[in-house]
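Down below is the structure, laid out as structure tokens.
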Amino acid sequence: MTGEKKYTYKDMASDQEVRWCPGCDDYVILRSVQKALPEIGRNREDIVFISGIGCSSRFPYYMNTYGIHGIHGRAAAIATGVKLANPELSVWVITGDGDGLAIGGNHTIHVIRRNVDLNIILFNNEIYGLTKGQFSPTSLLGQRTKSSPFGNIQPPFNPGELVLGSNGRFFARVSGNSAKEMASIFIEAEKFKGAAFIEVLQNCVIFNDGAFDKYNDKKTRPDNQLYLEHGQKMIFGAERNKGLRLNGLKLEVVTIGENGITEDDILVHDAHNPDPTLHFMLVRLESPIVTGIIRAVEEPTFDQRFTQQMEARMAAVKEMSFDEFVMAGETFELE
Amino acid sequence: MDGKISHKASTADSVVIRFAGDSGDGMQLTGTQFADTSALMGNDVATFPNYPAEIRAPQGSLFGVSGFQVQIADHDITTPGDDLDLLVAMNPAALKTNIKDLPPGKMLIVDADSFTAKNLKKAGYETNPLEDGSLDAYRVIAVPVTTNTRNALLDLGLDNKSMLRSRNMYTLGIIYWIYGRSLDHTIAFFHKKFKNKPKVIEANTRALRAGNIYAENLELIPTTYQVRPAHLGKGRYRIIMGNTATAWGFIAAAKKAGKELFLGSYPITPASDILHELVKHPHFRVKAFQAEDEIAGVTSAIGAAFAGDLAITTTSGPGLALKGEAIGLAMMTELPIVIVDVQRGGPSTGMPTKTEQSDLLQALYGRNGESPIVVMAAHSPADCFDMAFRASKIALEHMTPVLLLTDGYIANGSEPWRIEKLADLPEIKTREPENRDNWMPYRRDKETLARDWAYPGMAGFEHRVGGLEKEEGSGNVNMQPLNHEEMVRIRAEKVRRVAKDLPRLEVEGAREGELLVVGWGGTYGALHSAVQNMQSTGRKVGLAHFNYIHPMPENTADVFARFDKIVVCELNTGQFFKVLQFEQPGHKYYKYNKIQGLPFTVTELTNRFNQILASGHTIEA
Ligand code: SF4
């Protein structure tokens with residue numbers, strides 16, 4: 001089902017006042033989504049945003065589409081029901097590191113495993129914002145928060161590893177202050193058939209300000225972030241002279257022009273490789289951190305399999321009405 | 001649809017089992033052990049051995065089949081029973097010669113390993129009845145008895161033939177578990193009978209235990225609901241199990257409403273059979289989704305309801321506890337979902353295979369905040385069809401979650417169901433809005449207060465719902481004090497107004513008089529019989545059995561006022577009793593409660609009724 005209506009990003013905004021803290025990356029994400037949607041060729045009435053609980057989860061109220069602000073952690077499960085009820089819809093899940101990886105972790109891994117055709121945006125700010133500053137499943141070891149005054153002693157998840165470990169077919173990571181990159185990734189996620197998971201490195205100005213400065217800040221980003229594009233060399237750096245190569249079973253940062261290294265030695269990104277080994281290495285890398293669409297390998301989706309099975313059964317059991325069905329088998333007449 | 005099926009004496013307090021196998025399979029011994037153990041546990045017992053005519057009939061042949069029938073009961077019995085509750089068939093020949101005595105819906109246990117091509121041929125089967133669908137009407141438990149027995153005894157150093165001699169004890173172990181019998185008597189018997197053969201004692205004991213554990217792990221449940229079709233009205237019938245009837249009621253409701261049926265469910269005893277039934281029917285556009293947990297079961301249903309399906313979730317007590325928060329969301333977003341709780345013995349994991357009515361208060365109040373929903377209960381296996389249909393109708397027409405209570409007893413029991421034609425069922429009118437001018441998501445029907453049902457795909461009705469308090473009309477987030485109070489009252493009033501659509505509370509037996517027996521849910525059969533017994537002794541006793549608990553039928557107070565005393569009978573410590581005292585004050589209430597994981601017996605009910613009639617003041621049960 002493709003949409004025939006034409007929109008601008010303004011058509012996607014509801015009349016509700018946006019109530020995030022000034023300076024929060026959530027604004028950038030919202031704008032990026034509203035900019036991406038007119039490009040995906042879907043009518044507004046066929047788009048659904050579903051969230052759980054948390055700062056990010058107010059998102060659906062700001063979209064002029066259908067939407068559910070759900071309960072804590074359950075957005076992925078609600079979205080699965082929406083998608084099975086009507087597989088034609090474009091369904092988006094808005095979640096956070098607490099919502100999607102702590103209380104809702106079970107739904108997250110299963111929705112990925114099943115490969116439900118959803119676009120899942122994880123606002124990762126490495127903290128609980130709405131409940132005012134407790135550590136989350138992505139907070140760093142040692143991080144001091146409201147609930148870890150002497151330092152966090154719970155080692156974090158790497159969302160990328162979790163997604164790939166759940167047999168994730170699509171994983172992208174992107175800076176929360178980079179509207180253009182986000183919009184292009186959201187468009188790709190919508191085109192992708194299957195569970196598309198996007199981790200946004202989202203700065204929370206109130207409770208965890210600067211958590212991603214090293215990667216997101218204009219000045220430090222070039223040397224610390226490698227934005228991947230399928231088919232392109234894995235090159236980064238302020239002078240575009242650094243790159244990744246494989247040394248045995250390890251990824252290694254090398255400098256082009258040093259020690260006889262040329263561009264030919266640098267790996268080319270293949271997001272479509274079914275073997276996730278290299279994708280695992282990429283999501284684990286910390287210096288530089290790797291962003292962009294890291295993995296995108298299409299497989300039949302859960303909703304496709306579900307519908308196909310239903311249609312196959314409908315073809316096999318021809319035209320049996322409910323009345324015929326209840327009369328089939330052993331019945332008897334009473335006077 | 002509301003006419004109650006009249007049962008003759010519910011004989012649920014008796015069980016008839018036939019053990020059938022090859023003459024070498026030791027069926028007599030097995031049956032005798034079951035009878036003896038039951039007698040020791042205080043049952044009355046009647047048995048009927050049936051040896052093959054030919055002493056040396058060839059193994060596996062039809063005329064080599066030997067049988068042994070036992071009836072056990074908690075009252076005096078004189079016959080080994082007519083209709084079987086359980087048939088044990090150790091091979092195809094035993095099945096062939098005995099299946100005619102097993103009514104549909106009852107349990108059949110077979111040794112799946114014995115259904116070999118050779119044995120099937122000897123019994124005259126052309127296709128394997130375990131695979132060709134010819135046993136669909138029964139609850140078939142196909143156990144690899146031979147393999148399992150051998151595995152249990154492997155390290156004892158017995159030869160194959162000796163090991164296989166314990167197959168009957170493995171089977172007996174299964175049956176002991178189903179009917180809650182102790183193994184002690186039979187183990188003591190082994191020690192006496194095989195005094196000088198410790199290996200044989202060990203083999204039989206092990207086999208008995210292994211079968212017992214196997215049944216426990218499978219959570220096998222007896223099918224004991226028994227009614228006589230004698231007093232049923234005219235029509236075409238079929239035998240149906242409660243869980244199947246529930247599933248079919250939902251399919252019918254979806255068809256009638258012109259909707260697709262969505263089930264989000266997680267396996268749990270004793271509710272899983274509804275899932276098992278619904279997954280068979282994708283051709284009716286039934287979408288049965290086995291979720292990763294109970295919460296995903298209900299939340300996926302909420303998503304499906306938001307997207308325009310008739311959405312349901314099925315569970316039992318522990319699962320209902322997990323679903324509580326989500327049911328609150330469905331109440332707040334005013335989406336139509338049906339939650340089925342097939343109650344079992346609680347608390348906590350409790351007694352999964354035993355029946356109880358102890359989830360009533362959880363169903364009514366088990367959510368945070370002020371969150372009233374419709375709560376109703378089915379009263380017999382066949383009634384599950386009507387109640388599932390009614391629950392769907394109410395949910396869709398009133399835009400509210402509806403919680404349907406059944407229980408392990410009626411869910412696994414079976415009885416004749418008068419086949420309903422789709423055309424004869426009431427219409428279900430869903431609430432899609434048509435006019436988008438000034439449309440608002442929380443616009444309400446003036447009579448019912450139900451909001452509209454606009455779902456994705458409907459252009460011009462895009463809107464957001466959620467768990468935050470909302471403004472009446474627009475549905476926008478709103479936390480103003482007076483708006484909140486208004487919304488709480490509107491949501492409660494909306495559910496209360498469902499009462500206008502409910503059938504009146506009927507009274508069976510005396511329409512006024514000395515004692516009104518009040519029940520709800522799966523105890524109907526026993527209460528009905530007990531009240532009939534009381535009537536036949538000339539006492540003015542009536543029965544008001546509730547199908548609708550919240551809201552209650554509008555004439556409840558009128559009915560109650562016509563009787564001197566009211567006794568509320570439940571398989572819990574008095575949950576409905578509590579609710580009635582509060583909601584229907586001013587009556588003289590007594591109660592009768594049983595919390596043993598077992599249904600009421602007619603005898604204990606009549607005893608209690610006589611005691612109340614004789615007493616001047618309240619007696620605690
Ligand atoms: S608390 Fe943090 S994440 Fe939440 S809105 Fe404020 S800045 Fe954004």
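The chains in the structure tokens are called A, B, ... from first to last as shown; in each chain the residues are counted from 1, and the ligands are counted from 1 in the order shown.
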- Return the neighbours of chain A among the residues of chain B, cut-off 8 Å, counting only C-alpha atoms, as JSON, numbers by chain. {"B": [137, 232, 233, 234, 235, 236, 237, 238, 239, 252, 260, 262, 264, 282, 283, 284, 285, 287, 292, 295, 296, 297, 299, 300, 301, 302, 303, 304, 305, 306, 307, 308, 309, 325, 326, 329, 419, 420, 421, 422, 455, 456, 457, 458, 459, 460, 461, 462, 463, 464, 465, 466, 467]}
- Per DSSP on the backbone, filter range 103-247 of chain B down to the residues in alpha helix (DSSP H) and report them as a ChimeraX atom specification. /B:117-122,145-153,160-164,167-178,184-193,198-218,242-247
- Message: Give me, as a ChimeraX atom specification, the residues of range 69-296 of chain A that a backbone DSSP run labels strand (DSSP E or B).
- Response: /A:69,90-96,119-124,145,148,170-175,196-201,225-228,233,235-236,242-247,250-255,268,286,289-296
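Here the question is which of B:Trp520, B:Tyr170, B:Phe609, B:Tyr365 gets nearest to Leu320 in chain B using only C-alpha atoms, and that residue is B:Tyr365.
The space separating CA of Glu493 in chain B from CA of Gly522 in chain B comes to 28.4 Å.
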- Message: What does the list of residues within 12 Å of ligand 1 look like if you count only C-alpha atoms and all ligand atoms, written as a PyMOL selection string?
- Response: chain A and resi 18-30+53-59+95-98+123-134+176+201-211
